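The data block below is entry.txt; it holds compact mmCIF, C-alpha atoms and all ligand atoms.
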```
# COMPACT_ATOMS: atom_id res chain seq x y z
CA MET A 283 121.61 -305.09 -19.47
CA LYS A 284 118.58 -304.47 -17.32
CA LYS A 285 120.86 -304.10 -14.19
CA PHE A 286 123.07 -301.65 -16.06
CA GLY A 287 120.02 -299.52 -16.84
CA VAL A 288 118.87 -299.45 -13.23
CA LEU A 289 122.33 -298.37 -11.97
CA THR A 290 122.45 -295.58 -14.50
CA VAL A 291 119.08 -294.28 -13.41
CA LEU A 292 120.13 -294.43 -9.72
CA THR A 293 123.33 -292.59 -10.47
CA ILE A 294 121.45 -289.84 -12.26
CA ILE A 295 119.03 -289.57 -9.37
CA CYS A 296 121.94 -289.29 -6.89
CA ILE A 297 123.56 -286.58 -8.96
CA ILE A 298 120.29 -284.68 -9.11
CA LEU A 299 119.82 -285.04 -5.35
CA ILE A 300 123.38 -283.80 -4.66
CA PHE A 301 122.76 -280.70 -6.77
CA CYS A 302 119.49 -280.15 -5.06
CA PHE A 303 121.07 -280.26 -1.57
CA ARG A 304 123.89 -277.92 -2.60
CA GLY A 305 121.32 -275.47 -3.87
CA VAL A 306 119.41 -275.58 -0.61
CA PHE A 307 122.53 -275.00 1.51
CA SER A 308 123.71 -272.23 -0.72
CA THR A 309 120.30 -270.50 -0.49
CA HIS A 310 120.32 -270.84 3.28
CA SER A 311 123.69 -269.26 3.67
CA ASN A 312 122.68 -266.39 1.34
CA GLU A 313 119.56 -265.89 3.39
CA ALA A 314 121.63 -265.79 6.48
CA LYS A 315 123.91 -263.19 4.89
CA THR A 316 120.90 -261.23 3.70
CA ASN A 317 119.39 -261.42 7.11
CA ASN A 318 122.55 -260.16 8.64
CA ILE A 319 122.58 -257.23 6.25
CA ASP A 320 118.93 -256.62 6.84
CA VAL A 321 119.47 -256.60 10.53
CA THR A 322 122.29 -254.14 10.24
CA GLU A 323 120.45 -251.91 7.82
CA SER A 324 117.29 -252.13 9.79
CA SER A 325 119.16 -251.06 12.90
CA GLN A 326 120.53 -248.15 10.90
CA GLN A 327 117.08 -247.42 9.64
CA VAL A 328 115.73 -247.57 13.12
CA SER A 329 118.27 -245.08 14.26
CA ILE A 330 117.69 -242.85 11.25
CA THR A 331 113.93 -243.20 11.57
CA ASP A 332 114.33 -242.33 15.15
CA LYS A 333 116.19 -239.19 14.10
CA ILE A 334 113.56 -238.40 11.51
CA TYR A 335 110.86 -238.81 14.04
CA LYS A 336 112.65 -236.60 16.39
CA SER A 337 113.43 -233.96 13.84
CA ALA A 338 111.14 -233.75 10.83
CA PRO A 339 109.46 -236.04 8.28
CA VAL A 340 111.89 -236.86 5.52
CA ILE A 341 111.24 -239.00 2.46
CA ASN A 342 114.45 -240.70 1.29
CA ASN A 343 117.85 -241.59 2.55
CA ASN A 344 119.61 -238.78 0.78
CA GLU A 345 117.34 -236.35 2.42
CA LEU A 346 117.85 -238.20 5.67
CA GLN A 347 121.58 -237.83 5.29
CA LYS A 348 121.16 -234.16 4.43
CA LYS A 349 118.89 -233.75 7.39
CA ASP A 350 121.34 -235.58 9.57
CA THR A 351 124.14 -233.32 8.39
CA THR A 352 121.94 -230.29 8.93
CA ASN A 353 121.21 -231.52 12.39
CA LYS A 354 124.89 -231.94 13.03
CA MET A 355 125.58 -228.48 11.63
CA SER A 356 122.84 -226.87 13.59
CA SER A 357 124.05 -228.79 16.56
CA GLU A 358 127.56 -227.40 16.01
CA THR A 359 126.14 -223.98 15.39
CA ALA A 360 124.20 -224.37 18.56
CA SER A 361 127.35 -225.47 20.24
CA ASN A 362 129.18 -222.46 18.82
CA SER A 363 126.31 -220.27 19.82
CA THR A 364 126.60 -221.68 23.26
CA ILE A 365 130.28 -220.87 23.24
CA GLU A 366 129.56 -217.41 21.93
CA THR A 367 126.86 -216.98 24.48
CA SER A 368 129.09 -218.09 27.27
CA SER A 369 131.82 -215.89 25.81
CA GLU A 370 129.37 -212.99 25.83
CA ALA A 371 128.34 -213.96 29.29
CA LYS A 372 131.98 -213.87 30.28
CA GLN A 373 132.37 -210.52 28.61
CA VAL A 374 129.25 -209.26 30.34
CA HIS A 375 130.56 -210.71 33.57
CA ASN A 376 133.94 -209.10 33.01
CA LYS A 377 132.25 -205.85 32.03
CA THR A 378 130.14 -205.92 35.16
CA LYS A 379 133.23 -206.69 37.17
CA ALA A 380 135.10 -203.84 35.47
CA GLU A 381 132.22 -201.48 36.10
CA VAL A 382 132.08 -202.48 39.72
CA THR A 383 135.83 -202.02 40.03
CA ALA A 384 135.61 -198.67 38.29
CA LYS A 385 132.82 -197.67 40.58
CA ALA A 386 134.76 -198.84 43.59
CA THR A 387 137.69 -196.73 42.38
CA ASP A 388 135.31 -193.86 41.80
CA ASN A 389 134.01 -194.34 45.28
CA ASN A 390 137.52 -194.12 46.63
CA LYS A 391 138.18 -191.02 44.59
CA ASP A 392 134.89 -189.44 45.27
CA SER A 393 132.39 -191.13 47.43
CA THR A 394 129.47 -190.09 45.22
CA VAL A 395 127.75 -192.39 42.99
CA SER A 396 127.51 -195.99 42.07
CA GLU A 397 123.88 -196.53 41.35
CA GLU A 398 123.72 -199.78 39.33
CA LYS A 399 125.49 -202.13 41.68
CA LYS A 400 123.71 -204.74 43.76
CA PRO A 401 120.50 -203.49 45.35
CA SER A 402 122.10 -203.60 48.79
CA ASN A 403 125.01 -201.48 47.60
CA LYS A 404 122.60 -199.17 45.82
CA ASN A 405 121.04 -198.22 49.08
CA GLU A 406 124.46 -197.86 50.61
CA SER A 407 125.61 -195.51 47.84
CA THR A 408 122.41 -193.50 47.96
CA ILE A 409 122.90 -193.01 51.65
CA LEU A 410 126.51 -192.12 51.13
CA THR A 411 125.65 -189.60 48.42
CA LYS A 412 123.18 -187.86 50.65
CA ASN A 413 125.35 -188.23 53.71
CA VAL A 414 122.37 -189.58 55.58
CA ASP A 415 124.54 -192.15 57.29
CA ARG A 416 126.57 -189.47 59.07
CA LYS A 417 126.06 -189.73 62.76
CA ILE A 418 127.30 -186.97 65.02
CA ASP A 419 128.63 -188.04 68.40
CA PRO A 420 128.29 -185.01 70.75
CA LYS A 421 131.01 -186.47 72.98
CA LYS A 422 133.60 -186.42 70.21
CA PRO A 423 135.32 -183.25 68.98
CA MET A 424 133.84 -181.39 66.02
CA VAL A 425 134.66 -178.45 63.81
CA ALA A 426 132.59 -176.38 61.38
CA LEU A 427 134.40 -175.48 58.16
CA THR A 428 132.85 -172.42 56.52
CA PHE A 429 133.38 -171.10 53.00
CA ASP A 430 132.38 -167.56 51.98
CA ASP A 431 131.83 -165.60 48.77
CA GLY A 432 131.02 -168.51 46.44
CA PRO A 433 129.91 -170.52 44.75
CA HIS A 434 132.77 -170.75 42.30
CA TYR A 435 132.04 -172.89 39.23
CA LYS A 436 135.26 -174.88 39.69
CA TYR A 437 136.78 -174.54 43.16
CA THR A 438 133.52 -174.98 45.03
CA LYS A 439 133.00 -178.22 43.15
CA ASN A 440 136.47 -179.37 44.16
CA ILE A 441 135.71 -178.62 47.80
CA LEU A 442 132.37 -180.44 47.58
CA ASN A 443 134.19 -183.46 46.20
CA SER A 444 136.76 -183.35 48.99
CA LEU A 445 133.98 -183.20 51.56
CA LYS A 446 132.20 -186.14 50.00
CA LYS A 447 135.42 -188.11 49.87
CA TYR A 448 135.61 -188.03 53.66
CA ASN A 449 131.85 -188.11 54.24
CA ALA A 450 132.12 -184.63 55.72
CA VAL A 451 130.02 -181.49 55.38
CA ALA A 452 130.57 -177.76 55.66
CA THR A 453 128.64 -174.50 55.59
CA PHE A 454 128.74 -172.34 52.48
CA PHE A 455 127.88 -168.68 52.98
CA VAL A 456 126.95 -167.82 49.43
CA LEU A 457 126.32 -164.59 47.59
CA GLY A 458 122.91 -164.22 45.94
CA ASP A 459 124.29 -163.02 42.62
CA ARG A 460 126.69 -165.97 42.41
CA ALA A 461 124.09 -168.48 43.57
CA GLU A 462 121.68 -167.61 40.77
CA LYS A 463 124.46 -168.16 38.23
CA ASN A 464 125.52 -171.52 39.74
CA LYS A 465 122.26 -173.19 40.64
CA ASP A 466 123.58 -176.69 40.02
CA ILE A 467 126.34 -176.20 42.57
CA ILE A 468 123.90 -174.84 45.14
CA LYS A 469 121.72 -177.87 44.54
CA CYS A 470 124.69 -180.19 44.92
CA MET A 471 125.68 -178.53 48.20
CA ALA A 472 122.24 -179.13 49.66
CA GLU A 473 121.91 -182.66 48.31
CA ASN A 474 125.17 -183.62 49.95
CA GLY A 475 124.03 -182.43 53.35
CA ASN A 476 125.94 -179.16 53.45
CA GLN A 477 124.38 -176.07 54.96
CA ILE A 478 123.85 -172.98 52.82
CA GLY A 479 124.06 -169.70 54.66
CA ASN A 480 123.28 -166.17 53.52
CA HIS A 481 126.20 -163.83 52.75
CA THR A 482 124.16 -160.99 51.15
CA TYR A 483 123.40 -160.52 47.47
CA ASP A 484 126.48 -158.69 46.20
CA HIS A 485 128.81 -158.39 49.19
CA LYS A 486 128.02 -154.86 50.31
CA TYR A 487 128.90 -153.64 53.81
CA LEU A 488 125.64 -154.14 55.71
CA THR A 489 126.74 -151.60 58.30
CA LYS A 490 126.71 -148.91 55.61
CA LEU A 491 123.21 -149.69 54.35
CA SER A 492 119.76 -148.46 55.30
CA THR A 493 117.28 -150.82 56.90
CA THR A 494 115.48 -151.29 53.58
CA GLU A 495 118.74 -152.01 51.82
CA ILE A 496 119.78 -154.51 54.51
CA ASN A 497 116.47 -156.33 54.17
CA ASN A 498 116.76 -156.29 50.43
CA GLU A 499 120.30 -157.77 50.49
CA ILE A 500 119.28 -160.54 52.86
CA ASN A 501 115.81 -161.40 51.58
CA LYS A 502 116.74 -161.41 47.90
CA THR A 503 119.52 -163.92 48.57
CA SER A 504 117.37 -165.99 50.86
CA ASP A 505 114.68 -166.26 48.14
CA ILE A 506 117.22 -167.32 45.52
CA ILE A 507 118.53 -170.11 47.78
CA TYR A 508 115.03 -171.19 48.71
CA ASN A 509 113.97 -171.36 45.06
CA ILE A 510 116.88 -173.68 44.27
CA THR A 511 116.89 -175.90 47.36
CA ASN A 512 113.50 -175.47 49.03
CA ILE A 513 115.42 -174.58 52.17
CA ARG A 514 115.53 -171.05 53.53
CA PRO A 515 118.94 -170.13 54.99
CA SER A 516 118.86 -170.27 58.79
CA VAL A 517 122.12 -168.35 59.32
CA LEU A 518 123.76 -165.15 58.03
CA ARG A 519 127.40 -164.25 57.83
CA PRO A 520 127.66 -160.48 57.57
CA THR A 521 130.15 -159.32 54.95
CA TYR A 522 133.57 -158.48 56.40
CA GLY A 523 132.24 -159.64 59.75
CA ALA A 524 130.88 -156.13 60.15
CA VAL A 525 127.93 -155.90 62.52
CA ASN A 526 126.18 -153.00 64.26
CA ASP A 527 122.89 -152.64 66.11
CA ASN A 528 120.96 -151.85 62.93
CA VAL A 529 122.18 -155.08 61.32
CA LYS A 530 121.35 -157.10 64.46
CA LEU A 531 117.87 -155.61 64.68
CA ASN A 532 117.07 -156.18 61.02
CA THR A 533 118.08 -159.78 60.62
CA ASN A 534 115.72 -162.60 61.47
CA VAL A 535 118.50 -165.22 61.71
CA PRO A 536 121.61 -165.67 63.88
CA LEU A 537 124.85 -163.95 62.75
CA ILE A 538 127.74 -166.40 62.43
CA LEU A 539 131.32 -165.18 62.54
CA TRP A 540 134.42 -167.39 63.10
CA SER A 541 137.09 -168.35 65.62
CA VAL A 542 139.83 -169.34 63.15
CA ASP A 543 140.73 -167.02 60.27
CA THR A 544 142.90 -168.76 57.65
CA ARG A 545 143.40 -165.44 55.80
CA ASP A 546 143.31 -167.47 52.60
CA TRP A 547 142.26 -164.42 50.54
CA GLN A 548 145.53 -162.75 51.58
CA SER A 549 148.12 -165.53 51.32
CA ARG A 550 146.60 -167.50 48.41
CA ASP A 551 148.96 -170.21 49.61
CA GLU A 552 147.88 -173.79 50.31
CA LYS A 553 150.46 -174.48 53.06
CA SER A 554 149.71 -171.24 54.85
CA VAL A 555 145.96 -171.94 54.80
CA VAL A 556 146.48 -175.50 56.05
CA ASN A 557 148.78 -174.34 58.87
CA LYS A 558 146.41 -171.60 60.01
CA ALA A 559 143.44 -173.96 59.98
CA LEU A 560 145.10 -176.81 61.84
CA LYS A 561 147.32 -174.91 64.28
CA ASN A 562 145.76 -174.98 67.76
CA VAL A 563 142.47 -176.26 66.36
CA LYS A 564 140.06 -177.44 69.02
CA ASP A 565 136.56 -178.74 69.58
CA GLY A 566 133.79 -176.28 68.69
CA GLU A 567 135.85 -174.15 66.32
CA ILE A 568 134.42 -172.31 63.30
CA ILE A 569 137.03 -171.99 60.55
CA LEU A 570 136.79 -169.25 57.92
CA MET A 571 137.82 -169.84 54.30
CA HIS A 572 136.73 -168.66 50.85
CA ASP A 573 135.79 -171.18 48.14
CA ILE A 574 136.76 -168.89 45.27
CA TYR A 575 140.53 -169.55 45.35
CA LYS A 576 142.40 -172.48 43.87
CA SER A 577 144.80 -172.52 46.84
CA THR A 578 141.86 -172.72 49.24
CA ALA A 579 140.33 -175.65 47.33
CA SER A 580 143.57 -177.64 47.52
CA ALA A 581 144.14 -176.60 51.14
CA ALA A 582 140.60 -177.68 52.03
CA ASP A 583 141.32 -181.19 50.79
CA VAL A 584 144.31 -181.45 53.18
CA ILE A 585 142.42 -179.83 56.07
CA ILE A 586 139.44 -182.17 55.70
CA LYS A 587 141.75 -185.19 55.53
CA GLU A 588 143.84 -184.12 58.54
CA LEU A 589 140.94 -183.15 60.78
CA THR A 590 139.15 -186.39 59.94
CA SER A 591 142.23 -188.47 60.74
CA LYS A 592 142.61 -186.63 64.06
CA GLY A 593 139.08 -187.69 64.97
CA TYR A 594 137.29 -184.41 64.36
CA GLN A 595 133.75 -184.59 63.05
CA LEU A 596 133.22 -182.07 60.28
CA VAL A 597 129.75 -180.65 60.75
CA THR A 598 127.60 -177.75 59.60
CA VAL A 599 127.11 -174.65 61.75
CA ASP A 600 123.60 -175.74 62.73
CA GLU A 601 124.81 -179.23 63.61
CA LEU A 602 127.67 -177.82 65.67
CA PHE A 603 125.46 -175.67 67.89
CA HIS A 604 122.79 -178.33 68.09
CA ALA A 605 125.35 -180.89 69.27
CA LYS A 606 126.66 -178.41 71.84
CA GLU A 607 123.08 -177.73 72.91
CA VAL A 608 123.30 -174.04 72.11
CA LYS A 609 120.04 -172.58 70.86
CA LEU A 610 120.80 -169.97 68.23
CA VAL A 611 118.92 -166.70 68.55
CA LYS A 612 118.17 -164.28 65.68
CA GLY A 613 120.24 -161.10 65.54
CA THR A 614 122.85 -162.56 67.91
CA VAL A 615 126.52 -163.00 66.95
CA TYR A 616 128.25 -166.39 67.41
CA SER A 617 131.94 -167.07 66.71
CA HIS A 618 132.43 -170.60 68.09
CA ALA A 619 130.69 -173.34 70.07
CA TYR A 620 133.18 -174.07 72.89
ZN ZN B 1 132.68 -162.38 52.15
```
With the file now loaded, output its structure as structure tokens.
Ligand code: ZN
Amino acid sequence: MKKFGVLTVLTIICIILIFCFRGVFSTHSNEAKTNNIDVTESSQQVSITDKIYKSAPVINNNELQKKDTTNKMSSETASNSTIETSSEAKQVHNKTKAEVTAKATDNNKDSTVSEEKKPSNKNESTILTKNVDRKIDPKKPMVALTFDDGPHYKYTKNILNSLKKYNAVATFFVLGDRAEKNKDIIKCMAENGNQIGNHTYDHKYLTKLSTTEINNEINKTSDIIYNITNIRPSVLRPTYGAVNDNVKLNTNVPLILWSVDTRDWQSRDEKSVVNKALKNVKDGEIILMHDIYKSTASAADVIIKELTSKGYQLVTVDELFHAKEVKLVKGTVYSHAY
């Protein structure tokens, strides 16, 4: 009976021990699971904390999530902004390209212009506008185109544009009363390197005027041109080409006539003017036209193009005589430089 009692006690102890061990193992495995979770969470927390640290202090996870989302959104917005920016940049780039192309086209049409390109091109265009880059070769043929009776508000502008297109210049013998009504055109003429000559104030016959009247016609016009351009005309074309001793004695500049008469005022025909200007043209010629006719303006464009392609340099009257080493004398008549 005593033995039976001992066995029972031992059995109970064994059972207790078995339960105890099971409990320990179970606890260990739970700890391991917990640890695993903790590790994972802590790594998440680390990454989140890292984000918080990098962005802004945030208190709880919800806020963290919100913050994270905000970050993502702002990141996307930023990304979109970047896209927009680059899109704008592209647009700006395209715009710039378009402007440059437009300016290049403009330059082809009319070699004025084109200020806002690259700095190097800016200089180039400035030079081109002012025709400073024109170099006259005295050994090559040259012709002086001359236009009388203007300026005309429209046709003179057309002629100025044609000249600029081919980097050429001409001499405009203007009337004082027209010059004071078209100051901008006079200014443009001078700025583009053209010469402005005196053609009296209101186109009277100088040969029919008194000395005082001659002086008045010439000086009044000369003052008007000087006030607009700061350049006093250095040449005079007497109206109708009419000259006598009184006119010669009372002018303090050379008298410039012509060697080629296009008779544009008579024909008012583009083809006729072109033919008369180009037929038998030679080095040192002075060609007479009038910039107050539409037909002359369109003819001038052809004449300038043709003479340029034939190798003629289109120069002013002063440039022509200077290149030919002819010193102009006041009160003396000149019709050509050959
Ligand atoms: Zn005239």
Return as JSON lines the residues of chain A lying at most 10 Å from ligand ZN 1 (chain B), together with the closest atom-to-atom pair for each and the distance in Å to one decimal, counting all atoms listed in the file, with rows in chain order and ascending residue number.
```
{"residue": "A:Phe429", "atom": "CA", "partner": "B:ZN1", "partner_atom": "ZN", "distance": 8.8}
{"residue": "A:Asp430", "atom": "CA", "partner": "B:ZN1", "partner_atom": "ZN", "distance": 5.2}
{"residue": "A:Asp431", "atom": "CA", "partner": "B:ZN1", "partner_atom": "ZN", "distance": 4.7}
{"residue": "A:Gly432", "atom": "CA", "partner": "B:ZN1", "partner_atom": "ZN", "distance": 8.5}
{"residue": "A:Phe455", "atom": "CA", "partner": "B:ZN1", "partner_atom": "ZN", "distance": 8.0}
{"residue": "A:Val456", "atom": "CA", "partner": "B:ZN1", "partner_atom": "ZN", "distance": 8.4}
{"residue": "A:Leu457", "atom": "CA", "partner": "B:ZN1", "partner_atom": "ZN", "distance": 8.1}
{"residue": "A:His481", "atom": "CA", "partner": "B:ZN1", "partner_atom": "ZN", "distance": 6.7}
{"residue": "A:Thr482", "atom": "CA", "partner": "B:ZN1", "partner_atom": "ZN", "distance": 8.7}
{"residue": "A:Asp484", "atom": "CA", "partner": "B:ZN1", "partner_atom": "ZN", "distance": 9.4}
{"residue": "A:His485", "atom": "CA", "partner": "B:ZN1", "partner_atom": "ZN", "distance": 6.3}
{"residue": "A:Lys486", "atom": "CA", "partner": "B:ZN1", "partner_atom": "ZN", "distance": 9.0}
{"residue": "A:Tyr487", "atom": "CA", "partner": "B:ZN1", "partner_atom": "ZN", "distance": 9.7}
{"residue": "A:Arg519", "atom": "CA", "partner": "B:ZN1", "partner_atom": "ZN", "distance": 8.0}
{"residue": "A:Pro520", "atom": "CA", "partner": "B:ZN1", "partner_atom": "ZN", "distance": 7.6}
{"residue": "A:Thr521", "atom": "CA", "partner": "B:ZN1", "partner_atom": "ZN", "distance": 4.9}
{"residue": "A:Tyr522", "atom": "CA", "partner": "B:ZN1", "partner_atom": "ZN", "distance": 5.8}
{"residue": "A:Gly523", "atom": "CA", "partner": "B:ZN1", "partner_atom": "ZN", "distance": 8.1}
{"residue": "A:Trp547", "atom": "CA", "partner": "B:ZN1", "partner_atom": "ZN", "distance": 9.9}
{"residue": "A:Leu570", "atom": "CA", "partner": "B:ZN1", "partner_atom": "ZN", "distance": 9.9}
{"residue": "A:Met571", "atom": "CA", "partner": "B:ZN1", "partner_atom": "ZN", "distance": 9.3}
{"residue": "A:His572", "atom": "CA", "partner": "B:ZN1", "partner_atom": "ZN", "distance": 7.6}
```
12 Å contact set for Tyr483 (chain A), all atoms listed in the file, chain neighbours under 4 positions out, as a PDB file with C-alpha atoms, keeping the file's coordinate frame:
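Once everything was written out, this is selection-v4.pdb:
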```pdb
ATOM      1  CA  ASP A 431     131.830-165.600  48.770  1.00  0.00           C
ATOM      2  CA  GLY A 432     131.020-168.510  46.440  1.00  0.00           C
ATOM      3  CA  PHE A 455     127.880-168.680  52.980  1.00  0.00           C
ATOM      4  CA  VAL A 456     126.950-167.820  49.430  1.00  0.00           C
ATOM      5  CA  LEU A 457     126.320-164.590  47.590  1.00  0.00           C
ATOM      6  CA  GLY A 458     122.910-164.220  45.940  1.00  0.00           C
ATOM      7  CA  ASP A 459     124.290-163.020  42.620  1.00  0.00           C
ATOM      8  CA  ARG A 460     126.690-165.970  42.410  1.00  0.00           C
ATOM      9  CA  ALA A 461     124.090-168.480  43.570  1.00  0.00           C
ATOM     10  CA  GLU A 462     121.680-167.610  40.770  1.00  0.00           C
ATOM     11  CA  GLY A 479     124.060-169.700  54.660  1.00  0.00           C
ATOM     12  CA  TYR A 487     128.900-153.640  53.810  1.00  0.00           C
ATOM     13  CA  LEU A 488     125.640-154.140  55.710  1.00  0.00           C
ATOM     14  CA  GLU A 495     118.740-152.010  51.820  1.00  0.00           C
ATOM     15  CA  ILE A 496     119.780-154.510  54.510  1.00  0.00           C
ATOM     16  CA  ASN A 497     116.470-156.330  54.170  1.00  0.00           C
ATOM     17  CA  ASN A 498     116.760-156.290  50.430  1.00  0.00           C
ATOM     18  CA  GLU A 499     120.300-157.770  50.490  1.00  0.00           C
ATOM     19  CA  ILE A 500     119.280-160.540  52.860  1.00  0.00           C
ATOM     20  CA  ASN A 501     115.810-161.400  51.580  1.00  0.00           C
ATOM     21  CA  LYS A 502     116.740-161.410  47.900  1.00  0.00           C
ATOM     22  CA  THR A 503     119.520-163.920  48.570  1.00  0.00           C
ATOM     23  CA  SER A 504     117.370-165.990  50.860  1.00  0.00           C
ATOM     24  CA  ASP A 505     114.680-166.260  48.140  1.00  0.00           C
ATOM     25  CA  ILE A 506     117.220-167.320  45.520  1.00  0.00           C
ATOM     26  CA  ILE A 507     118.530-170.110  47.780  1.00  0.00           C
ATOM     27  CA  LEU A 518     123.760-165.150  58.030  1.00  0.00           C
ATOM     28  CA  ARG A 519     127.400-164.250  57.830  1.00  0.00           C
ATOM     29  CA  PRO A 520     127.660-160.480  57.570  1.00  0.00           C
ATOM     30  CA  THR A 521     130.150-159.320  54.950  1.00  0.00           C
TER      31      THR A 521
END
```
Can you list, as number ranges by chain, every protein, DNA or RNA residue that comes within 10 Å of region 586-588 of chain A when you count all atoms listed in the file, leaving out same-chain residues fewer than 6 positions away?
A: 427, 441, 444-445, 447-452, 556, 560, 594-596
Which residues are near Asn532 (chain A)? Cut-off 10 Å, all atoms listed in the file, ignore same chain within fewer than 4 positions. Put them as a list of chain:residue names.
A:Ser492, A:Thr493, A:Thr494, A:Ile496, A:Asn497, A:Ile500, A:Asp527, A:Asn528, A:Lys612, A:Gly613
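Each of A:Gly475, A:Leu602, A:Asn526, A:Val535 was checked against Arg416 (chain A) using only C-alpha atoms; the smallest atom-to-atom distance is that of A:Gly475.
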From CA of Asn443 (chain A) to CA of Ile538 (chain A) the spacing works out at 24.4 Å
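Considering the residues A:Ile467, A:Ile510, A:Ala524, A:Ala472 and counting all atoms listed in the file, Thr489 (chain A) has its shortest atom-to-atom contact with A:Ala524.
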d(CA of Thr533 (chain A), CA of Tyr508 (chain A)) in Å
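Going from CA of Thr533 (chain A) over to CA of Tyr508 (chain A) covers 16.8 Å.
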Kindly indicate which residue among A:Ser591, A:Thr453, A:Asn534, A:Thr544 lies nearest to Pro433 (chain A), using all atoms listed in the file for the distances.
A:Thr453
Could you list, as a list in words, every residue within 8 Å of region 420-426 of chain A, counting all atoms listed in the file and ignoring same-chain residues fewer than 2 positions away?
Ile418, Thr428, Ala452, Thr453, Lys564, Asp565, Gly566, Glu567, Ile568, Ile569, Gly593, Tyr594, Gln595, Leu596, Val597, Thr598, Val599, Leu602, Ala605 and Lys606 of chain A
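In this structure, CA of Asn480 (chain A) sits 8.3 Å away from CA of Phe454 (chain A).
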Please write out, as JSON, where the centre of an axis-aligned box around all listed atoms of region 508-523 of chain A lies and how long its edges are, in Å to one decimal, after adding 4 Å on each side.
```
{"center_x": 123.5, "center_y": -167.2, "center_z": 52.0, "size_x": 28.1, "size_y": 25.4, "size_z": 23.5}
```
Give me the residues near Tyr616 (chain A) as number ranges by chain, where near means some atom within 9 Å (using all atoms listed in the file) and where sequence neighbours in that chain fewer than 3 positions away do not count.
A: 536-540, 610, 619
